[in-house]
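As structure tokens, the structure follows; a few thoughts come after it.
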Amino acid sequence: MSQKDRLTSLLGLNKDEIAYNSDLDVYIKRLRKIRETLTISDSKQIELILKWLHTKEMTLKTLTAKNRDKDRFEADLNEVLKIQEAYYEAEIYPYAYESACKSSHSHSDVHIHMDENRYRYSVPLMAESQHLWDKDMVLNVIEEKKSELNQYINQTLRLVFVHYFEASNDEILNVKDFDEIVLEAINKYKKVKENKKASDTQQQLNPYLRLYHFMRTAYVNNYYELQLPGKSYFTEFKTDKVTVDVKSIYGLNDVAVVLAKLLTGSNDPSSKEIKKSYERLKKCFQEYTPIQSYKDKQDNYAFTEIATPLSHYLFLRKKSKKNLKVTGYCGVSDVILYRIQPILQSIINGEEDRLKTAFEYIDFIRTEFKDIVESADHRYQVTMLNFWFESIVNIFYRTMGLKSKQVYLRYPSGKIHD
């Protein structure tokens, strides 16, 4: 049977329809897209995915679109989670069990072999539940850790760039060694990753598992955005240090002067540039509720420092370009207060070395999270998610003053004992 005939039968197409040939061309293109995106080589497996998408009136693109309703996305993930398990039981388990019985010497060996097989070719469900993260061990870890994760990232950035310069700085013991602490954590993480990476393999037997991994990656990217502003987030500014006049209260024009200095890269911007910055700030803030609380009784802006309004301005500017989203891990106020403001304050202060380390810290968090989420091995994902999170916690406590041997208790050689 030709591909066209198989598709006609599989999708229930009517050859007498006027649009039959053009529709068929569309579905053939979708087959190619499935093959390329999910890297599935077996034609029958690809057709199974196409049929499921056809019944949902979806494509891979619409299935994982960023603007998808979260509840519907979760419902589709739940459906595919069940389908991939059913496919494993019907199409893979019988042959795997027969092979295990022939090659094993005891019942325990068979059990071990089948356990390994199930982990590789399906997502073993944790529990019966309506909630996706209660069933999927990877999503369970992400959901369970998200609140604490945010707290540790926020506390670390505030600690390094804000609290260290406050009156209690004598209690912050290791901030000056932040670069060494981050490097230490990254090196230990890489040793563990290298030790575990060998188990991370792409399976080819269960097409619905491939589809589920693809969907889950998009789901996490859509709804668990880490919202960490990297170095590129601040490229609008042309300098890494400006002078700020010391005042008890700063008006909007004072903020405009500093903004003009940052945007022009000069500590002596022209009146034209200052006016342009003033208009930018005024336009950004005029219908922005959070900043209105900084107005005095005369309806004038009155800030106690410069970094706060500039951080709100930068967020509003970047939000329009969709560089940061207000979803998942971190809300607007936390993104501005704990992530943008500390870094922006450091830029104003000209702390080049510490900024370099902070961006390495942020890149490490973001890059490794992406690597873990895109993995195809569940145990690798769970192991590395936990150590990734633990590395972030360790960086905070090392910065607070604890010694290396006090925080790296289980990983002296870079190996995790599961």
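Residues are named by chain letter and number: chains run A, B, ... in the order of the structure tokens, numbers start at 1 in each chain, and ligands are numbered from 1 in the order shown.
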
At a cut-off of 7 Å, can you tabulate as JSON lines every residue of segment 132-244 of chain A near segment 340-345 of chain A together with its closest atom pair and the distance in Å to one decimal, using only C-alpha atoms and ordering rows by chain then number?
```
{"residue": "A:Leu157", "atom": "CA", "partner": "A:Pro342", "partner_atom": "CA", "distance": 6.4}
{"residue": "A:Arg158", "atom": "CA", "partner": "A:Pro342", "partner_atom": "CA", "distance": 5.9}
{"residue": "A:Phe161", "atom": "CA", "partner": "A:Pro342", "partner_atom": "CA", "distance": 5.3}
{"residue": "A:Val162", "atom": "CA", "partner": "A:Pro342", "partner_atom": "CA", "distance": 6.2}
{"residue": "A:Pro229", "atom": "CA", "partner": "A:Ile340", "partner_atom": "CA", "distance": 6.8}
```

Written file, previous selection with C-alpha atoms, as a tab-separated table (two decimals), in the first residue's frame:
```
chain	number	residue	atom	x	y	z
A	157	LEU	CA	21.36	38.02	44.23
A	158	ARG	CA	20.15	40.38	46.96
A	161	PHE	CA	24.51	43.03	45.40
A	162	VAL	CA	22.43	44.68	48.13
A	229	PRO	CA	17.69	38.37	33.25
```

Within 8 Å of segment 309-319 of chain A using only C-alpha atoms, minus same-chain residues under 4 positions, as a tab-separated table (two decimals) with N, CA, C and O atoms, in the first residue's frame:
```tsv
chain	number	residue	atom	x	y	z
A	233	TYR	N	19.99	41.14	28.68
A	233	TYR	CA	18.82	41.90	29.13
A	233	TYR	C	19.16	43.37	29.37
A	233	TYR	O	18.29	44.23	29.31
A	255	VAL	N	15.93	60.72	38.09
A	255	VAL	CA	16.00	59.37	37.51
A	255	VAL	C	16.32	59.47	36.03
A	255	VAL	O	17.11	58.69	35.50
A	259	LEU	N	19.28	57.71	33.86
A	259	LEU	CA	18.92	56.89	32.70
A	259	LEU	C	19.64	57.39	31.45
A	259	LEU	O	20.16	56.59	30.66
A	281	LEU	N	10.39	57.69	30.68
A	281	LEU	CA	9.96	57.30	32.03
A	281	LEU	C	8.51	57.70	32.27
A	281	LEU	O	7.72	56.91	32.79
A	284	CYS	N	6.17	55.41	30.39
A	284	CYS	CA	6.14	54.07	30.97
A	284	CYS	C	5.31	54.02	32.25
A	284	CYS	O	4.60	53.06	32.51
A	285	PHE	N	5.43	55.07	33.06
A	285	PHE	CA	4.86	55.05	34.40
A	285	PHE	C	3.43	55.59	34.49
A	285	PHE	O	2.76	55.37	35.50
A	291	ILE	N	4.16	51.90	40.47
A	291	ILE	CA	5.05	53.05	40.65
A	291	ILE	C	4.31	54.28	41.18
A	291	ILE	O	4.93	55.23	41.67
A	303	PHE	N	11.40	59.19	45.07
A	303	PHE	CA	12.07	57.91	45.30
A	303	PHE	C	13.23	58.10	46.29
A	303	PHE	O	13.92	59.11	46.26
A	323	ASN	N	10.80	39.58	26.55
A	323	ASN	CA	12.05	38.99	27.03
A	323	ASN	C	11.86	38.26	28.34
A	323	ASN	O	12.55	37.30	28.65
A	324	LEU	N	10.93	38.76	29.15
A	324	LEU	CA	10.57	38.08	30.39
A	324	LEU	C	9.06	37.95	30.45
A	324	LEU	O	8.34	38.85	30.04
A	325	LYS	N	8.59	36.83	30.97
A	325	LYS	CA	7.15	36.60	31.07
A	325	LYS	C	6.74	36.58	32.53
A	325	LYS	O	7.51	36.24	33.40
A	336	ILE	N	11.42	42.10	39.48
A	336	ILE	CA	11.98	43.46	39.55
A	336	ILE	C	12.84	43.64	40.79
A	336	ILE	O	13.99	44.10	40.70
A	337	LEU	N	12.31	43.27	41.96
A	337	LEU	CA	12.99	43.55	43.22
A	337	LEU	C	14.23	42.69	43.43
A	337	LEU	O	15.27	43.18	43.89
A	340	ILE	N	16.18	42.02	38.70
A	340	ILE	CA	16.62	43.15	37.89
A	340	ILE	C	17.33	44.21	38.74
A	340	ILE	O	18.42	44.67	38.40
A	341	GLN	N	16.71	44.58	39.87
A	341	GLN	CA	17.25	45.69	40.67
A	341	GLN	C	18.65	45.44	41.22
A	341	GLN	O	19.51	46.32	41.11
A	344	LEU	N	21.04	45.76	38.30
A	344	LEU	CA	21.07	47.14	37.83
A	344	LEU	C	21.85	48.04	38.79
A	344	LEU	O	22.63	48.90	38.37
```

Discussion item. Residues of segment 230-390 of chain A classed as alpha helix (DSSP H) by DSSP on the backbone are to be reported as a ChimeraX atom specification.
Written reply: /A:252-264,271-285,289-292,307-319,332-334,341-349,352-373,378-390

Produce a file of the selected residues containing C-alpha atoms, as an mmCIF file, in the first residue's frame.
```cif
data_model
loop_
_atom_site.group_PDB
_atom_site.id
_atom_site.type_symbol
_atom_site.label_atom_id
_atom_site.label_comp_id
_atom_site.auth_asym_id
_atom_site.auth_seq_id
_atom_site.Cartn_x
_atom_site.Cartn_y
_atom_site.Cartn_z
ATOM 1 C CA LEU A 252 11.546 61.773 38.067
ATOM 2 C CA ASN A 253 13.989 64.220 36.496
ATOM 3 C CA ASP A 254 16.802 62.870 38.732
ATOM 4 C CA VAL A 255 15.996 59.372 37.514
ATOM 5 C CA ALA A 256 15.957 60.660 33.929
ATOM 6 C CA VAL A 257 19.466 62.076 34.338
ATOM 7 C CA VAL A 258 20.843 58.687 35.450
ATOM 8 C CA LEU A 259 18.921 56.890 32.699
ATOM 9 C CA ALA A 260 20.390 59.276 30.131
ATOM 10 C CA LYS A 261 23.867 58.541 31.480
ATOM 11 C CA LEU A 262 23.288 54.804 31.147
ATOM 12 C CA LEU A 263 21.790 55.046 27.661
ATOM 13 C CA THR A 264 24.444 57.372 26.250
ATOM 14 C CA SER A 271 19.742 68.282 27.978
ATOM 15 C CA LYS A 272 18.122 66.758 24.883
ATOM 16 C CA GLU A 273 19.040 63.222 26.001
ATOM 17 C CA ILE A 274 17.824 63.929 29.544
ATOM 18 C CA LYS A 275 14.505 65.234 28.208
ATOM 19 C CA LYS A 276 14.150 62.173 25.985
ATOM 20 C CA SER A 277 14.782 59.888 28.997
ATOM 21 C CA TYR A 278 12.288 61.879 31.068
ATOM 22 C CA GLU A 279 9.580 61.389 28.430
ATOM 23 C CA ARG A 280 10.360 57.659 28.254
ATOM 24 C CA LEU A 281 9.962 57.297 32.025
ATOM 25 C CA LYS A 282 6.822 59.408 32.119
ATOM 26 C CA LYS A 283 5.197 57.387 29.348
ATOM 27 C CA CYS A 284 6.138 54.067 30.970
ATOM 28 C CA PHE A 285 4.860 55.050 34.404
ATOM 29 C CA THR A 289 0.023 51.180 39.213
ATOM 30 C CA PRO A 290 3.053 49.856 41.201
ATOM 31 C CA ILE A 291 5.048 53.049 40.653
ATOM 32 C CA GLN A 292 2.186 55.403 41.578
ATOM 33 C CA ALA A 307 17.598 51.692 41.156
ATOM 34 C CA THR A 308 13.922 51.009 41.949
ATOM 35 C CA PRO A 309 12.288 53.226 39.285
ATOM 36 C CA LEU A 310 14.949 52.287 36.738
ATOM 37 C CA SER A 311 14.289 48.589 37.387
ATOM 38 C CA HIS A 312 10.563 49.063 36.823
ATOM 39 C CA TYR A 313 11.315 51.035 33.658
ATOM 40 C CA LEU A 314 13.610 48.311 32.332
ATOM 41 C CA PHE A 315 11.059 45.606 33.078
ATOM 42 C CA LEU A 316 8.301 47.501 31.293
ATOM 43 C CA ARG A 317 10.533 48.122 28.282
ATOM 44 C CA LYS A 318 11.587 44.488 28.019
ATOM 45 C CA LYS A 319 8.155 43.090 28.795
ATOM 46 C CA VAL A 332 6.446 40.681 38.523
ATOM 47 C CA SER A 333 7.420 42.162 41.899
ATOM 48 C CA ASP A 334 10.027 39.453 42.560
ATOM 49 C CA GLN A 341 17.246 45.686 40.670
ATOM 50 C CA PRO A 342 20.309 44.056 42.302
ATOM 51 C CA ILE A 343 22.039 43.660 38.936
ATOM 52 C CA LEU A 344 21.070 47.143 37.827
ATOM 53 C CA GLN A 345 22.409 48.596 41.079
ATOM 54 C CA SER A 346 25.668 46.778 40.462
ATOM 55 C CA ILE A 347 25.852 48.179 36.914
ATOM 56 C CA ILE A 348 25.377 51.680 38.295
ATOM 57 C CA ASN A 349 28.128 50.986 40.869
ATOM 58 C CA GLU A 352 32.471 44.484 36.824
ATOM 59 C CA ASP A 353 33.980 41.371 38.436
ATOM 60 C CA ARG A 354 30.958 40.599 40.557
ATOM 61 C CA LEU A 355 28.626 41.219 37.627
ATOM 62 C CA LYS A 356 30.615 38.783 35.491
ATOM 63 C CA THR A 357 30.198 36.095 38.165
ATOM 64 C CA ALA A 358 26.499 36.876 38.618
ATOM 65 C CA PHE A 359 25.860 36.358 34.905
ATOM 66 C CA GLU A 360 27.834 33.080 35.032
ATOM 67 C CA TYR A 361 25.626 32.037 37.958
ATOM 68 C CA ILE A 362 22.464 32.960 36.027
ATOM 69 C CA ASP A 363 23.673 31.249 32.833
ATOM 70 C CA PHE A 364 24.502 28.094 34.800
ATOM 71 C CA ILE A 365 21.004 27.949 36.295
ATOM 72 C CA ARG A 366 19.256 28.597 33.003
ATOM 73 C CA THR A 367 21.469 26.418 30.755
ATOM 74 C CA GLU A 368 21.421 23.369 33.007
ATOM 75 C CA PHE A 369 17.678 23.590 33.592
ATOM 76 C CA LYS A 370 17.160 23.593 29.814
ATOM 77 C CA ASP A 371 19.539 20.639 29.417
ATOM 78 C CA ILE A 372 17.694 18.629 32.062
ATOM 79 C CA VAL A 373 14.219 19.419 30.765
ATOM 80 C CA HIS A 378 13.575 10.237 33.516
ATOM 81 C CA ARG A 379 16.037 9.112 36.157
ATOM 82 C CA TYR A 380 18.728 11.366 34.753
ATOM 83 C CA GLN A 381 16.255 14.239 34.867
ATOM 84 C CA VAL A 382 15.173 13.601 38.455
ATOM 85 C CA THR A 383 18.747 13.076 39.684
ATOM 86 C CA MET A 384 20.071 16.186 37.967
ATOM 87 C CA LEU A 385 17.068 18.346 38.879
ATOM 88 C CA ASN A 386 17.701 17.550 42.526
ATOM 89 C CA PHE A 387 21.428 18.235 42.307
ATOM 90 C CA TRP A 388 20.841 21.356 40.197
ATOM 91 C CA PHE A 389 18.550 22.646 42.932
ATOM 92 C CA GLU A 390 20.983 21.567 45.643
#
```

Item to complete: With a distance cut-off of 10 Å and only C-alpha atoms, select the neighbouring residues of Gln202 of chain A, excluding the residue or stretch itself and same-chain residues fewer than 4 positions from it, and output the selection as a PyMOL selection string.
Response: chain A and resi 39+120-121+210+375-377

Item to complete: Take atom CA of Leu38 of chain A and atom CA of Gln84 of chain A and report the distance between them in Å, one decimal.
Response: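 Here the two named atoms are 14.4 Å from each other.
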
Discussion item. One decimal, in Å: what's the spacing between atom CA of Gly401 of chain A and atom CA of Leu173 of chain A?
Written reply: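 Pair atom CA of Gly401 of chain A / atom CA of Leu173 of chain A returns 4.7 Å.
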
Discussion item. List the spatial neighbours of Phe396 of chain A as number ranges by chain - criterion: any atom at most 9 Å away, only C-alpha atoms, same-chain residues fewer than 4 positions off excluded.
Written reply: A: 152-153, 155-156, 159, 391-392, 400-401
